[in-house]
Amino acid sequence: MSIVRVALPVPIPQLFDYSCDSATHEDIGRCVRVNFGRRQETGVIVDLPTESDIDPARLKPVEHLLREVPPLPGDWLALTAFVARYYHVPQGEVIALALPPDLRRADEVDDRDTDPLLALTPAGRQAHDEGGRPSKARHLLAQLQAAGPTRKSVLRTWPEGTACADLLRRRWIYAVRPQNPARTAGALPTLTDEQGQVIDTVAAHAGGFAAYLLQGVTGAGKTEVYLRLIERALAAGRQVLVLVPEIALTPQLEQRVVGRFPDADIVALHSGVADGARSRGFVRAMKGEADIVLGTRLAIFTPLPRLGLIVVDEEHDPSYKQQEGVRYSARDLAVWRARQREVPLVLGSATPSLESWRHAEQGRYTRLRLTQRAIATHLPTVRLIDTRRIKLEDGLSPALIKALGERLERREQSLLFLNRRGYAPVLSCPACDWISACPHCSANCVVHLKDRRLRCHHCGHDTSIPHACPECGNQDLKPLGRGTQKLEEGLVARFPEARILRVDRDAARSRKHWLELLARIHAGEADILVGTQMMAKGHDFPRLTLVGVIGADGALYAADFRAPERLFQQMMQVGGRAGRAALAGEVLIQTEFPDHPLFQCLQRQDTDAFARMALAEREEANFPPFTFQAMLSADAPVLDDALDFLTRASDCIRSDAPGGIFLYDPVPMRMTRLARRERAQLLVESASRAALQGFLSEWMRRLYRLGTARDVRWRMDVDPLDV
DNA sequence: AGCACGCCGACT
DNA sequence: GTCGGCGTGCTC
């Protein structure tokens, strides 16, 4: 009779022991079905302890041990254990998040992908021809050579069929992908000297852990560097993990990877991938069959037995941080995982996060630079338009209007960037004080004139636009401010001959809509694009030569200390859209603060100067990355209950907090009300990550014991992005 | 989180 | 007299 220690998907910071006659160490990492309280749950065996702290008589037996699926590997369990420790969440919740739902239920995994057609690789043919000491593996190899490509299920019935996994592991055989086009042996782009040096540097230490911060402006050829490094890893028989930001709407990198490695087994993991395919990809990766896993933050949890390289593209992107549930940072976990598996890690960005920048400064990461634009001729020129003394027409300055007119004449594309969708951010009554406040949030409902709706962009509240003021009956309600729809409307009136295309979350409702829009833009069916931040990323538009930025100043007023960093990153990114190919690009930024250092750095496109300045400010103010933070937040139907909880949470440890730990006072969150709940937060800070972690462990122990009023919910966020 | 138990208020 | 409110406590 053995004891199994099980992680269950419940918000209790413990593991649970069960008895199980048949379990052995081979079963660590396997799913089990167990009775838990009144109900049944699926968990994962994380250990096989010799004895339990629980009275043996109280141990319930495991209901079912699922042996149909291979066990999760030890390093994967270690990763989930680390996430549980670092982010202070129960390991069972981490596992529930990391494991595809189908797998946790251990349904029969679809055979379409698990029964691949197997064939010899060149290495396999070589091994076969060379002969060597007879073994099961070589015997099976000879059979397969004679029989030609064979389904795995068939091969398994052969005398030495069990050696199949061994052959796959040695990369003597591979899964033939039916839809593979013939390998395009087209000429690879010529590398610049810089690219060559970067690749050599990383490749020189391919055998162990090393973190690289690859800094290169848009068009400097970061992707080509990734591809060459991937190529080398694959040639060495290793798997590669590539993380991309949550704009999985852009299939761009995926296409380039697929195009470059047509023979590789590539697993894509993003929000557009259905559960079934996700499970199959997970299993293929775990079995060592997949060569490349390309996905958004969740992909960091893919088990990869032959892992040889991790790439994090656009490492500064905030979408690597999960903002609910288990609040992990996939970028930070990538560093941990690379160290754990002793493989190199490449963090790429044109505008690195200040956290990574600091790590590079401290020598924890090796900085690599790509300064030359590999593709286009020049960087775009950036012009700041001082809007303080000029009259704007439809939100546009004369200079921007003139620039747009010139592009129309030259039949080039323009992009107007306005990070505010809808027609106007608020509807107001000039006669009284009424505004279109959301009934559930401390935010205003946005006017969507197209479908005559008022919508809250935070909670989704949706009503029709009233015909008269609900307060005073005035029929003349005025939309205030300007969103993408209104900007579009003004442009249509001003440039009636131009083809104007709005690209925001309303226009690109689904992946399908978005791909259609992209296709139209590429086909040259638009002269002026009006877009939100979804236009900032990915995609190069060859005829795009003008980017106009409207309403950038908001970030300068923002209370969030990271707002300027984000603005700079976004501006650099959106500016990078302009003038690729042979056409020179121009970026016009309308601002009331043309002298602001941020805009000055932007004009010179001097990322280093901006980073130095921003870091100096952060150090002065004692903000991250010079200090480490955690945020305890609570919400309840009534603000006072949330504040009350946080006060008690603070009181339960305040007197025991070691020196160097700063506990702030509980305060209402910036957006206090969200979806009928009122929210408050309590910040903890320390100059030492270890000290903060030690404090958090003790605090969490006490918090779980602290009684919670029934309608209060709380959570801990380690390394929060929004403070 | 669920789901029990348990102890006080207004209802057939 | 019961149905049911939600405070408290436990789940191997």
# chains A, B, ... in the order shown; residues from 1 in each chain; ligands from 1
>>> interface_residues(of="chain A", to="chain B", cutoff="8 Å", atoms="only C-alpha atoms (C1' of nucleotides)", output="JSON, numbers by chain")
{"A": [10, 11, 37, 38]}
>>> select_by_dssp(residues="range 495-697 of chain A", states="helix (DSSP H, G or I)", output="number ranges by chain")
A: 511-522, 533-535, 554-557, 563-575, 597-604, 607-621, 639-654, 689-697
>>> interface_residues(of="chain C", to="chain A", cutoff="10 Å", atoms="only C-alpha atoms (C1' of nucleotides)", output="list in words")
DC6, DG7, DT8, DC10, DT11 and DC12 of chain C
>>> write_last_selection(atoms="N, CA, C and O atoms (P, O5', C5', C4', C3', O3' and C1' of nucleotides)", output="compact mmCIF listing (two decimals), in the first residue's frame")
# COMPACT_ATOMS: atom_id res chain seq x y z
P DC C 6 -27.87 35.65 3.26
O5' DC C 6 -26.50 35.71 4.07
C5' DC C 6 -26.43 36.40 5.32
C4' DC C 6 -25.57 35.55 6.25
C3' DC C 6 -24.18 35.21 5.68
O3' DC C 6 -23.09 35.52 6.54
C1' DC C 6 -25.26 33.30 6.53
P DG C 7 -23.13 36.18 7.90
O5' DG C 7 -21.68 35.95 8.54
C5' DG C 7 -21.45 36.28 9.91
C4' DG C 7 -21.08 35.05 10.71
C3' DG C 7 -19.61 34.63 10.57
O3' DG C 7 -19.13 34.30 11.88
C1' DG C 7 -21.02 32.79 10.08
P DT C 8 -17.54 34.18 12.08
O5' DT C 8 -17.33 32.59 12.15
C5' DT C 8 -18.27 31.75 12.81
C4' DT C 8 -17.77 30.32 12.74
C3' DT C 8 -16.28 30.16 12.40
O3' DT C 8 -15.75 29.09 13.17
C1' DT C 8 -17.58 29.03 10.79
P DC C 10 -11.94 22.96 11.57
O5' DC C 10 -12.02 21.93 10.36
C5' DC C 10 -13.03 20.94 10.36
C4' DC C 10 -13.20 20.41 8.96
C3' DC C 10 -11.87 19.99 8.30
O3' DC C 10 -11.97 18.66 7.85
C1' DC C 10 -13.11 21.39 6.86
P DT C 11 -10.61 17.86 7.55
O5' DT C 11 -10.84 17.46 6.03
C5' DT C 11 -12.12 16.99 5.61
C4' DT C 11 -12.26 17.23 4.13
C3' DT C 11 -11.05 16.78 3.30
O3' DT C 11 -11.50 16.08 2.16
C1' DT C 11 -11.58 19.00 2.78
P DC C 12 -11.27 14.51 2.07
O5' DC C 12 -10.42 14.13 3.30
C5' DC C 12 -9.11 13.93 3.43
C4' DC C 12 -8.37 13.21 2.34
C3' DC C 12 -7.64 11.99 2.82
O3' DC C 12 -7.20 11.20 1.75
C1' DC C 12 -6.18 13.84 2.73
>>> select_by_dssp(residues="range 500-624 of chain A", states="strand (DSSP E or B)", output="list of chain:residue names")
A:Ile500, A:Leu501, A:Arg502, A:Val503, A:Ile528, A:Leu529, A:Val530, A:Gly531, A:Leu544, A:Thr545, A:Leu546, A:Val547, A:Gly548, A:Val549, A:Ile550, A:Glu586, A:Val587, A:Leu588, A:Ile589, A:Gln590, A:Thr591
>>> residues_around(residues="Ala443 in chain A", least_positions_apart="4", cutoff="8 Å", atoms="only C-alpha atoms (C1' of nucleotides)", output="PyMOL selection string")
chain A and resi 437-438+456+458+671+673
>>> write_last_selection(atoms="all heavy atoms", output="PDB file, in the first residue's frame")
ATOM      1  N   ALA A 437     -22.327  57.652 -17.327  1.00  0.00           N
ATOM      2  CA  ALA A 437     -21.572  56.834 -16.376  1.00  0.00           C
ATOM      3  C   ALA A 437     -22.082  55.395 -16.418  1.00  0.00           C
ATOM      4  O   ALA A 437     -23.277  55.164 -16.582  1.00  0.00           O
ATOM      5  CB  ALA A 437     -21.725  57.399 -14.977  1.00  0.00           C
ATOM      6  N   CYS A 438     -21.152  54.465 -16.267  1.00  0.00           N
ATOM      7  CA  CYS A 438     -21.565  53.063 -16.222  1.00  0.00           C
ATOM      8  C   CYS A 438     -22.182  52.778 -14.855  1.00  0.00           C
ATOM      9  O   CYS A 438     -21.606  53.153 -13.828  1.00  0.00           O
ATOM     10  CB  CYS A 438     -20.373  52.139 -16.449  1.00  0.00           C
ATOM     11  SG  CYS A 438     -20.783  50.395 -16.195  1.00  0.00           S
ATOM     12  N   CYS A 456     -19.888  50.054 -21.912  1.00  0.00           N
ATOM     13  CA  CYS A 456     -18.795  50.165 -20.959  1.00  0.00           C
ATOM     14  C   CYS A 456     -17.696  49.200 -21.415  1.00  0.00           C
ATOM     15  O   CYS A 456     -17.924  48.000 -21.542  1.00  0.00           O
ATOM     16  CB  CYS A 456     -19.250  49.808 -19.546  1.00  0.00           C
ATOM     17  SG  CYS A 456     -17.876  49.750 -18.382  1.00  0.00           S
ATOM     18  N   HIS A 458     -15.257  48.248 -19.822  1.00  0.00           N
ATOM     19  CA  HIS A 458     -14.681  47.500 -18.707  1.00  0.00           C
ATOM     20  C   HIS A 458     -15.541  46.299 -18.327  1.00  0.00           C
ATOM     21  O   HIS A 458     -15.023  45.223 -18.084  1.00  0.00           O
ATOM     22  CB  HIS A 458     -14.470  48.409 -17.507  1.00  0.00           C
ATOM     23  CG  HIS A 458     -13.534  49.531 -17.805  1.00  0.00           C
ATOM     24  ND1 HIS A 458     -12.168  49.376 -17.782  1.00  0.00           N
ATOM     25  CD2 HIS A 458     -13.765  50.811 -18.182  1.00  0.00           C
ATOM     26  CE1 HIS A 458     -11.601  50.518 -18.124  1.00  0.00           C
ATOM     27  NE2 HIS A 458     -12.545  51.402 -18.372  1.00  0.00           N
ATOM     28  N   MET A 671      -9.485  52.377 -10.477  1.00  0.00           N
ATOM     29  CA  MET A 671     -10.857  52.182 -10.929  1.00  0.00           C
ATOM     30  C   MET A 671     -11.575  51.397  -9.835  1.00  0.00           C
ATOM     31  O   MET A 671     -11.512  50.179  -9.802  1.00  0.00           O
ATOM     32  CB  MET A 671     -10.919  51.455 -12.267  1.00  0.00           C
ATOM     33  CG  MET A 671     -11.926  52.136 -13.176  1.00  0.00           C
ATOM     34  SD  MET A 671     -12.237  51.262 -14.680  1.00  0.00           S
ATOM     35  CE  MET A 671     -13.156  49.889 -14.081  1.00  0.00           C
ATOM     36  N   ARG A 673     -14.765  50.943  -8.848  1.00  0.00           N
ATOM     37  CA  ARG A 673     -15.886  50.056  -9.127  1.00  0.00           C
ATOM     38  C   ARG A 673     -15.680  49.355 -10.446  1.00  0.00           C
ATOM     39  O   ARG A 673     -15.333  49.986 -11.447  1.00  0.00           O
ATOM     40  CB  ARG A 673     -17.168  50.877  -9.204  1.00  0.00           C
ATOM     41  CG  ARG A 673     -18.162  50.587  -8.111  1.00  0.00           C
ATOM     42  CD  ARG A 673     -19.241  51.649  -8.099  1.00  0.00           C
ATOM     43  NE  ARG A 673     -20.425  51.231  -8.872  1.00  0.00           N
ATOM     44  CZ  ARG A 673     -21.251  50.274  -8.482  1.00  0.00           C
ATOM     45  NH1 ARG A 673     -21.034  49.612  -7.373  1.00  0.00           N
ATOM     46  NH2 ARG A 673     -22.311  49.954  -9.217  1.00  0.00           N
TER      47      ARG A 673
END
>>> residues_around(residues="Thr532 in chain A", least_positions_apart="3", cutoff="6 Å", atoms="only C-alpha atoms (C1' of nucleotides)", output="list of chain:residue names")
A:Phe417, A:Leu418, A:Asn419, A:Asp504, A:Met535
>>> write_last_selection(atoms="all heavy atoms", output="PDB file, in the first residue's frame")
ATOM      1  N   PHE A 417      -2.990  56.547 -35.542  1.00  0.00           N
ATOM      2  CA  PHE A 417      -3.015  55.739 -34.330  1.00  0.00           C
ATOM      3  C   PHE A 417      -3.737  56.508 -33.231  1.00  0.00           C
ATOM      4  O   PHE A 417      -3.316  57.593 -32.830  1.00  0.00           O
ATOM      5  CB  PHE A 417      -1.581  55.429 -33.920  1.00  0.00           C
ATOM      6  CG  PHE A 417      -1.444  54.605 -32.678  1.00  0.00           C
ATOM      7  CD1 PHE A 417      -1.583  53.228 -32.723  1.00  0.00           C
ATOM      8  CD2 PHE A 417      -1.177  55.203 -31.460  1.00  0.00           C
ATOM      9  CE1 PHE A 417      -1.452  52.460 -31.571  1.00  0.00           C
ATOM     10  CE2 PHE A 417      -1.047  54.439 -30.308  1.00  0.00           C
ATOM     11  CZ  PHE A 417      -1.184  53.069 -30.368  1.00  0.00           C
ATOM     12  N   LEU A 418      -4.843  55.949 -32.763  1.00  0.00           N
ATOM     13  CA  LEU A 418      -5.601  56.560 -31.669  1.00  0.00           C
ATOM     14  C   LEU A 418      -6.062  55.438 -30.763  1.00  0.00           C
ATOM     15  O   LEU A 418      -6.868  54.591 -31.166  1.00  0.00           O
ATOM     16  CB  LEU A 418      -6.811  57.339 -32.217  1.00  0.00           C
ATOM     17  CG  LEU A 418      -7.796  57.874 -31.173  1.00  0.00           C
ATOM     18  CD1 LEU A 418      -7.108  58.839 -30.229  1.00  0.00           C
ATOM     19  CD2 LEU A 418      -8.974  58.551 -31.851  1.00  0.00           C
ATOM     20  N   ASN A 419      -5.541  55.434 -29.569  1.00  0.00           N
ATOM     21  CA  ASN A 419      -5.793  54.282 -28.708  1.00  0.00           C
ATOM     22  C   ASN A 419      -7.108  54.412 -27.942  1.00  0.00           C
ATOM     23  O   ASN A 419      -7.132  54.293 -26.726  1.00  0.00           O
ATOM     24  CB  ASN A 419      -4.631  54.108 -27.734  1.00  0.00           C
ATOM     25  CG  ASN A 419      -4.411  52.637 -27.435  1.00  0.00           C
ATOM     26  OD1 ASN A 419      -5.181  51.796 -27.900  1.00  0.00           O
ATOM     27  ND2 ASN A 419      -3.404  52.338 -26.667  1.00  0.00           N
ATOM     28  N   ASP A 504      -9.934  48.314 -35.348  1.00  0.00           N
ATOM     29  CA  ASP A 504      -9.898  48.253 -33.888  1.00  0.00           C
ATOM     30  C   ASP A 504     -10.665  47.001 -33.470  1.00  0.00           C
ATOM     31  O   ASP A 504     -11.060  46.210 -34.321  1.00  0.00           O
ATOM     32  CB  ASP A 504     -10.483  49.517 -33.250  1.00  0.00           C
ATOM     33  CG  ASP A 504     -11.872  49.846 -33.771  1.00  0.00           C
ATOM     34  OD1 ASP A 504     -12.578  48.911 -34.216  1.00  0.00           O
ATOM     35  OD2 ASP A 504     -12.263  51.023 -33.750  1.00  0.00           O
ATOM     36  N   MET A 535      -2.986  47.856 -34.012  1.00  0.00           N
ATOM     37  CA  MET A 535      -2.234  48.174 -35.224  1.00  0.00           C
ATOM     38  C   MET A 535      -0.741  48.364 -34.945  1.00  0.00           C
ATOM     39  O   MET A 535       0.066  48.445 -35.863  1.00  0.00           O
ATOM     40  CB  MET A 535      -2.762  49.471 -35.831  1.00  0.00           C
ATOM     41  CG  MET A 535      -4.113  49.354 -36.490  1.00  0.00           C
ATOM     42  SD  MET A 535      -4.147  48.095 -37.762  1.00  0.00           S
ATOM     43  CE  MET A 535      -3.011  48.759 -38.956  1.00  0.00           C
TER      44      MET A 535
END
>>> atom_distance(atom1="CA of Asp102 in chain A", atom2="CA of Thr42 in chain A")
11.4 Å
>>> atom_distance(atom1="CA of Glu565 in chain A", atom2="CA of Met716 in chain A")
24.1 Å
>>> atom_distance(atom1="CA of Arg280 in chain A", atom2="CA of Val343 in chain A")
24.9 Å
>>> decode(residues="range 647-661 of chain A", atoms="N, CA, C and O atoms", output="mmCIF file, in the first residue's frame")
data_model
loop_
_atom_site.group_PDB
_atom_site.id
_atom_site.type_symbol
_atom_site.label_atom_id
_atom_site.label_comp_id
_atom_site.auth_asym_id
_atom_site.auth_seq_id
_atom_site.Cartn_x
_atom_site.Cartn_y
_atom_site.Cartn_z
ATOM 1 N N THR A 647 -7.416 46.036 5.901
ATOM 2 C CA THR A 647 -6.931 46.577 7.171
ATOM 3 C C THR A 647 -6.628 45.442 8.146
ATOM 4 O O THR A 647 -5.569 45.419 8.788
ATOM 5 N N ARG A 648 -7.533 44.487 8.209
ATOM 6 C CA ARG A 648 -7.286 43.338 9.084
ATOM 7 C C ARG A 648 -6.085 42.542 8.594
ATOM 8 O O ARG A 648 -5.275 42.060 9.385
ATOM 9 N N ALA A 649 -5.959 42.419 7.264
ATOM 10 C CA ALA A 649 -4.819 41.700 6.683
ATOM 11 C C ALA A 649 -3.512 42.388 7.066
ATOM 12 O O ALA A 649 -2.513 41.735 7.383
ATOM 13 N N SER A 650 -3.534 43.689 7.039
ATOM 14 C CA SER A 650 -2.348 44.454 7.388
ATOM 15 C C SER A 650 -2.062 44.329 8.893
ATOM 16 O O SER A 650 -0.917 44.105 9.300
ATOM 17 N N ASP A 651 -3.114 44.437 9.683
ATOM 18 C CA ASP A 651 -2.946 44.375 11.144
ATOM 19 C C ASP A 651 -2.402 43.026 11.604
ATOM 20 O O ASP A 651 -1.676 42.962 12.600
ATOM 21 N N CYS A 652 -2.749 41.972 10.882
ATOM 22 C CA CYS A 652 -2.368 40.643 11.354
ATOM 23 C C CYS A 652 -0.863 40.398 11.207
ATOM 24 O O CYS A 652 -0.355 39.381 11.685
ATOM 25 N N ILE A 653 -0.143 41.313 10.539
ATOM 26 C CA ILE A 653 1.287 41.067 10.364
ATOM 27 C C ILE A 653 2.133 42.314 10.600
ATOM 28 O O ILE A 653 3.333 42.223 10.788
ATOM 29 N N ARG A 654 1.476 43.463 10.615
ATOM 30 C CA ARG A 654 2.206 44.732 10.640
ATOM 31 C C ARG A 654 3.306 44.742 11.701
ATOM 32 O O ARG A 654 4.455 45.086 11.433
ATOM 33 N N SER A 655 2.958 44.327 12.916
ATOM 34 C CA SER A 655 3.944 44.419 14.005
ATOM 35 C C SER A 655 5.062 43.391 13.845
ATOM 36 O O SER A 655 6.123 43.533 14.428
ATOM 37 N N ASP A 656 4.803 42.326 13.037
ATOM 38 C CA ASP A 656 5.819 41.296 12.849
ATOM 39 C C ASP A 656 6.609 41.466 11.563
ATOM 40 O O ASP A 656 7.474 40.642 11.261
ATOM 41 N N ALA A 657 6.276 42.508 10.788
ATOM 42 C CA ALA A 657 6.975 42.677 9.513
ATOM 43 C C ALA A 657 8.429 43.039 9.773
ATOM 44 O O ALA A 657 8.710 43.965 10.513
ATOM 45 N N PRO A 658 9.348 42.275 9.176
ATOM 46 C CA PRO A 658 10.758 42.586 9.392
ATOM 47 C C PRO A 658 11.130 43.924 8.773
ATOM 48 O O PRO A 658 10.408 44.435 7.905
ATOM 49 N N GLY A 659 12.226 44.515 9.232
ATOM 50 C CA GLY A 659 12.704 45.755 8.641
ATOM 51 C C GLY A 659 12.980 45.542 7.164
ATOM 52 O O GLY A 659 13.295 44.437 6.732
ATOM 53 N N GLY A 660 12.819 46.588 6.383
ATOM 54 C CA GLY A 660 13.039 46.438 4.954
ATOM 55 C C GLY A 660 11.806 45.994 4.196
ATOM 56 O O GLY A 660 11.817 45.897 2.980
ATOM 57 N N ILE A 661 10.737 45.712 4.943
ATOM 58 C CA ILE A 661 9.455 45.409 4.293
ATOM 59 C C ILE A 661 8.538 46.595 4.526
ATOM 60 O O ILE A 661 8.308 46.982 5.673
#
